[in-house]
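Colleague: The following block contains the structure, expressed as structure tokens.
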Amino acid sequence: MSSTVDFGQDSGPASEQRQTSSELSEQLPELVNLPIPRHVAIIMDGNGRWAQMQGKPRVMGHKAGVKAVRRAVSTASQLGVKSLTLFAFSSENWRRPDKEVSLLMELFFTVLQRELKLLHKNQVRLNIIGDISRFSARLQKQIASAVEKTAPNTGLVLNVAANYGGRWDILQAAQKLAVKVENGEMTSSQFTEAALSEHLCMQNQSEVDLMIRTGGDYRISNFVLWQAAYAELVFTDTLWPDFDEQAFQQAISIFSSRQRRFGLTGNQIDEMRTL
């Protein structure tokens, strides 16, 4: 599969649903027969190690990783994935050396400038999730401009998690509801799972069906904890800059081969698939 395909697809917000526990039973027939994940989340790990193995500075690995992002966006769009969420910079990544963080911020700014035209041309809707208040005013302005420009697009939704953490996401949603309770806008009994879901990042998108982690580690590192409650997990030793179309398709094949049970028995799922 070429990474240069024209990857515009029609998958507007109207086709997306939030998956809360109260809605899950109604969606089960669709979910257990899902051949392609609606929402894929990827922990893009291994950039630094990829560079070090080649005797290059770590930043060269991050630059090579940008090409892998482009391939992933193209492949996801061509396969019919509705949402792709990429873990670009976690809230814990601030602990890295200052020089590397500064280089990552500059790379983020450059990529937003360089890739925006291609994303817009292919109807990709960019969505930045996370607490961007810690970024420079220059970068925040660039983010706002990119998100605004692509907002009307009707193709793949590309969520880029920047200064993001799953616990932060849940906490900020809970705090918003707590304020509503304090102000008398809602009662504590209305503080439900569905209400919390409405205040999370990506609240208007389906939950994560498939989470992929590259780089050989077997953990989810505080990534989309709520949204990935029923996700299938695929771990690969492939370092992110080497994650190509074939590797992505293999992960999709693994997803398609698994039986998603959602608390039911295997026999129940088999019966549901025959309906």
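Each chain in the structure tokens gets a letter, A, B and so on, in the order shown; residues start at 1 in every chain, and ligands are counted from 1 in the order they appear.
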Just the strand (DSSP E or B) stuff from range 51-117 of chain A, please, per backbone DSSP, written as a list in words.
Modeller: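 Of range 51-117 of chain A, the ones in strand (DSSP E or B) are Ser83, Leu84, Thr85, Leu86, Phe87, Ala88, Phe89 and Ser90 of chain A.
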Colleague: Do a neighbour search on Arg261 in chain A at 10 Å with only C-alpha atoms, toss out local chain neighbours closer than 3 positions, and write the hits as a PDB file with C-alpha atoms, in the first residue's frame.
Modeller:
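Saved as around.pdb:
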```pdb
ATOM      1  CA  LEU A  28     -23.039  -5.081  20.897  1.00  0.00           C
ATOM      2  CA  LEU A  31     -19.224  -4.115  17.899  1.00  0.00           C
ATOM      3  CA  VAL A  32     -18.752  -7.892  17.897  1.00  0.00           C
ATOM      4  CA  TYR A 230     -12.857  -2.167  25.853  1.00  0.00           C
ATOM      5  CA  ARG A 258     -10.063 -11.608  18.048  1.00  0.00           C
ATOM      6  CA  LEU A 264     -20.451 -12.087  27.619  1.00  0.00           C
ATOM      7  CA  THR A 265     -19.464 -15.701  26.975  1.00  0.00           C
ATOM      8  CA  GLY A 266     -17.914 -16.870  23.753  1.00  0.00           C
ATOM      9  CA  ASN A 267     -21.078 -18.837  22.920  1.00  0.00           C
ATOM     10  CA  GLN A 268     -23.206 -15.726  23.324  1.00  0.00           C
ATOM     11  CA  ILE A 269     -20.958 -13.797  20.969  1.00  0.00           C
ATOM     12  CA  ASP A 270     -21.057 -16.606  18.392  1.00  0.00           C
TER      13      ASP A 270
END
```
Colleague: Identify all residues of range 71-137 of chain A in helix (DSSP H, G or I) (DSSP on the backbone) and supply them as a PyMOL selection string.
Modeller: chain A and resi 71-79+93-95+98-121+132-134+137
Colleague: Write the residues you've just listed into a file as a PDB file, in the first residue's frame, and include C-alpha atoms for each of them.
Modeller:
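out.pdb, written as the output of this step:
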```pdb
ATOM      1  CA  ARG A  71       1.982   6.737   6.662  1.00  0.00           C
ATOM      2  CA  ALA A  72      -0.328   5.926   9.586  1.00  0.00           C
ATOM      3  CA  VAL A  73      -2.760   8.710   8.695  1.00  0.00           C
ATOM      4  CA  SER A  74      -2.843   7.596   5.061  1.00  0.00           C
ATOM      5  CA  THR A  75      -3.319   3.924   5.942  1.00  0.00           C
ATOM      6  CA  ALA A  76      -6.031   4.609   8.532  1.00  0.00           C
ATOM      7  CA  SER A  77      -7.959   6.719   6.053  1.00  0.00           C
ATOM      8  CA  GLN A  78      -7.710   4.190   3.260  1.00  0.00           C
ATOM      9  CA  LEU A  79      -8.863   1.346   5.535  1.00  0.00           C
ATOM     10  CA  ASN A  93       7.494  13.765  28.958  1.00  0.00           C
ATOM     11  CA  TRP A  94       8.339  17.121  30.555  1.00  0.00           C
ATOM     12  CA  ARG A  95      10.743  15.109  32.727  1.00  0.00           C
ATOM     13  CA  ASP A  98      15.311  20.271  28.594  1.00  0.00           C
ATOM     14  CA  LYS A  99      17.130  20.243  25.266  1.00  0.00           C
ATOM     15  CA  GLU A 100      15.107  17.304  23.975  1.00  0.00           C
ATOM     16  CA  VAL A 101      11.830  18.868  25.124  1.00  0.00           C
ATOM     17  CA  SER A 102      12.717  22.138  23.375  1.00  0.00           C
ATOM     18  CA  LEU A 103      13.554  20.280  20.177  1.00  0.00           C
ATOM     19  CA  LEU A 104      10.280  18.363  20.369  1.00  0.00           C
ATOM     20  CA  MET A 105       8.302  21.582  20.783  1.00  0.00           C
ATOM     21  CA  GLU A 106      10.041  23.136  17.782  1.00  0.00           C
ATOM     22  CA  LEU A 107       9.448  19.991  15.737  1.00  0.00           C
ATOM     23  CA  PHE A 108       5.774  20.027  16.701  1.00  0.00           C
ATOM     24  CA  PHE A 109       5.481  23.628  15.485  1.00  0.00           C
ATOM     25  CA  THR A 110       7.277  22.858  12.215  1.00  0.00           C
ATOM     26  CA  VAL A 111       5.191  19.756  11.521  1.00  0.00           C
ATOM     27  CA  LEU A 112       1.947  21.658  12.091  1.00  0.00           C
ATOM     28  CA  GLN A 113       3.036  24.205   9.511  1.00  0.00           C
ATOM     29  CA  ARG A 114       4.325  21.702   6.973  1.00  0.00           C
ATOM     30  CA  GLU A 115       1.619  19.043   7.185  1.00  0.00           C
ATOM     31  CA  LEU A 116      -1.447  21.275   7.507  1.00  0.00           C
ATOM     32  CA  LYS A 117      -1.929  21.749   3.766  1.00  0.00           C
ATOM     33  CA  LEU A 118      -1.787  17.983   3.123  1.00  0.00           C
ATOM     34  CA  LEU A 119      -4.200  17.209   5.967  1.00  0.00           C
ATOM     35  CA  HIS A 120      -6.653  19.827   4.753  1.00  0.00           C
ATOM     36  CA  LYS A 121      -6.423  18.644   1.149  1.00  0.00           C
ATOM     37  CA  ILE A 132      -1.833  22.958  25.821  1.00  0.00           C
ATOM     38  CA  SER A 133      -1.651  25.878  28.277  1.00  0.00           C
ATOM     39  CA  ARG A 134       1.927  24.937  29.139  1.00  0.00           C
ATOM     40  CA  ALA A 137       2.044  31.309  22.999  1.00  0.00           C
TER      41      ALA A 137
END
```
Colleague: When you count only C-alpha atoms, which of these residues is closest to Pro241 in chain A: A:Ala64, A:Met211, A:Ile42, A:Val124?
Modeller: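 Of all the options, A:Ala64 lies closest to Pro241 in chain A.
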Colleague: To one decimal place in Å, what is the distance between CA of Phe255 in chain A and CA of Leu84 in chain A?
Modeller: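 That distance, rounded to one decimal, is 15.0 Å.
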Colleague: Hey, which of A:Ala173, A:Gly155, A:Asp242, A:Met53 ends up closest to Ala194 in chain A? Count only C-alpha atoms.
Modeller: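 Once distances to Ala194 in chain A are computed over only C-alpha atoms, the minimum belongs to A:Ala173.
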Colleague: Excluding Thr236 in chain A and residues on its chain fewer than 5 positions from it, collect all residues at most 10 Å away from it, counting only C-alpha atoms, and give them as a list in words.
Modeller: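 The contact residues come out as Asp45, Ile212, Arg213, Thr214, Gly215, Gly216, Asp217, Tyr218, Phe243, Ala247 and Ala251 of chain A.
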Colleague: Could you write out the selected residues, including N, CA, C and O atoms, as a compact mmCIF listing (two decimals), in the first residue's frame?
Modeller:
```
# COMPACT_ATOMS: atom_id res chain seq x y z
N ASP A 45 6.17 4.71 20.17
CA ASP A 45 7.37 4.56 21.00
C ASP A 45 8.54 4.04 20.18
O ASP A 45 8.36 3.24 19.26
N ILE A 212 -2.54 0.34 19.80
CA ILE A 212 -1.27 -0.23 19.35
C ILE A 212 -0.14 0.48 20.08
O ILE A 212 -0.15 1.71 20.22
N ARG A 213 0.83 -0.29 20.55
CA ARG A 213 2.05 0.31 21.08
C ARG A 213 3.24 -0.27 20.35
O ARG A 213 3.41 -1.49 20.28
N THR A 214 4.06 0.60 19.79
CA THR A 214 5.29 0.17 19.13
C THR A 214 6.44 0.21 20.13
O THR A 214 6.31 0.72 21.24
N GLY A 215 7.58 -0.35 19.74
CA GLY A 215 8.80 -0.20 20.55
C GLY A 215 9.10 -1.30 21.53
O GLY A 215 10.11 -1.25 22.21
N GLY A 216 8.20 -2.30 21.64
CA GLY A 216 8.53 -3.47 22.45
C GLY A 216 8.12 -3.45 23.90
O GLY A 216 8.31 -4.45 24.60
N ASP A 217 7.57 -2.33 24.40
CA ASP A 217 7.12 -2.30 25.79
C ASP A 217 5.65 -2.72 25.88
O ASP A 217 4.88 -2.54 24.93
N TYR A 218 5.27 -3.27 27.04
CA TYR A 218 3.93 -3.81 27.24
C TYR A 218 3.21 -3.04 28.34
O TYR A 218 2.95 -3.56 29.42
N PHE A 243 7.43 1.71 11.61
CA PHE A 243 6.04 1.25 11.57
C PHE A 243 5.42 1.71 10.25
O PHE A 243 5.09 2.88 10.06
N ALA A 247 2.82 -3.06 8.74
CA ALA A 247 2.71 -3.25 10.19
C ALA A 247 1.34 -2.81 10.70
O ALA A 247 0.75 -3.46 11.58
N ALA A 251 -1.65 -5.21 12.44
CA ALA A 251 -2.35 -4.92 13.68
C ALA A 251 -3.87 -4.97 13.48
O ALA A 251 -4.61 -5.47 14.35
```
Colleague: I'd like the neighbourhood of Ile252 in chain A as a PyMOL selection string, where a residue qualifies if any of its atoms comes within 12 Å (using only C-alpha atoms), though same-chain residues fewer than 3 positions away should be ignored.
Modeller: chain A and resi 34-41+75-76+79-81+209-212+232-234+245-249+255-258
Colleague: Near Ile170 in chain A, within 9 Å and counting only C-alpha atoms, which residues show up once chain neighbours fewer than 4 positions away are dropped, as JSON, numbers by chain?
Modeller: {"A": [165, 166, 174, 175, 196, 197, 199, 200, 201, 225, 226]}
Colleague: Would you put the residues from that selection into a file with C-alpha atoms, as a PDB file, in the first residue's frame?
Modeller:
```pdb
ATOM      1  CA  GLY A 165      -2.512  12.031  30.344  1.00  0.00           C
ATOM      2  CA  GLY A 166      -5.445   9.677  30.813  1.00  0.00           C
ATOM      3  CA  ALA A 174     -14.831  15.315  36.941  1.00  0.00           C
ATOM      4  CA  GLN A 175     -13.858  18.836  38.007  1.00  0.00           C
ATOM      5  CA  LEU A 196     -18.561  12.293  32.708  1.00  0.00           C
ATOM      6  CA  SER A 197     -18.048  10.961  29.178  1.00  0.00           C
ATOM      7  CA  HIS A 199     -16.722  16.205  29.321  1.00  0.00           C
ATOM      8  CA  LEU A 200     -13.761  14.056  28.287  1.00  0.00           C
ATOM      9  CA  CYS A 201     -11.491  14.786  25.368  1.00  0.00           C
ATOM     10  CA  LEU A 225      -7.595   5.233  30.064  1.00  0.00           C
ATOM     11  CA  TRP A 226     -11.350   5.819  29.944  1.00  0.00           C
TER      12      TRP A 226
END
```
Colleague: Given the choices A:Ala151, A:Ala51, A:Ala68, A:Val224, which gets closest to Ile129 in chain A if the distance is worked out from only C-alpha atoms?
Modeller: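 With only C-alpha atoms as the atom set, the closest residue is A:Val224.
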Colleague: Which residue out of A:Gln259, A:Thr150, A:Asp169, A:Leu239 has the minimum interatomic distance to Gly48 in chain A when only C-alpha atoms are used?
Modeller: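 Looking only at the distances to Gly48 in chain A, the closest residue turns out to be A:Leu239.
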Colleague: As a list in words, please: the residues near Glu148 in chain A (cut-off 12 Å, only C-alpha atoms, same-chain neighbours under 2 positions excluded).
Modeller: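 Within the cut-off, the hits are Leu116, His120, Arg125, Leu126, Asn127, Ile128, Lys141, Gln142, Ile143, Ala144, Ser145, Ala146, Thr150, Ala151, Pro152 and Asn153 of chain A.
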Colleague: I'd like the interatomic distance between CA of Gly55 in chain A and CA of Leu86 in chain A, to a tenth of an Å.
Modeller: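 Answer for the CA of Gly55 in chain A to CA of Leu86 in chain A separation: 26.4 Å.
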Colleague: Pick the closest to Val157 in chain A from A:Gln52, A:Met202, A:Ala231, A:Lys67: which is it, counting only C-alpha atoms?
Modeller: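 Selected residue with least distance to Val157 in chain A: A:Met202.
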Colleague: Do you have the CA of Phe87 in chain A-CA of Met44 in chain A distance handy?
Modeller: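 A separation of 6.2 Å between them.
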Colleague: Using only C-alpha atoms, which residue out of A:Asp131, A:Leu139, A:Val179, A:Arg58 lies closest to Arg96 in chain A?
Modeller: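 Looking only at the distances to Arg96 in chain A, the closest residue turns out to be A:Arg58.
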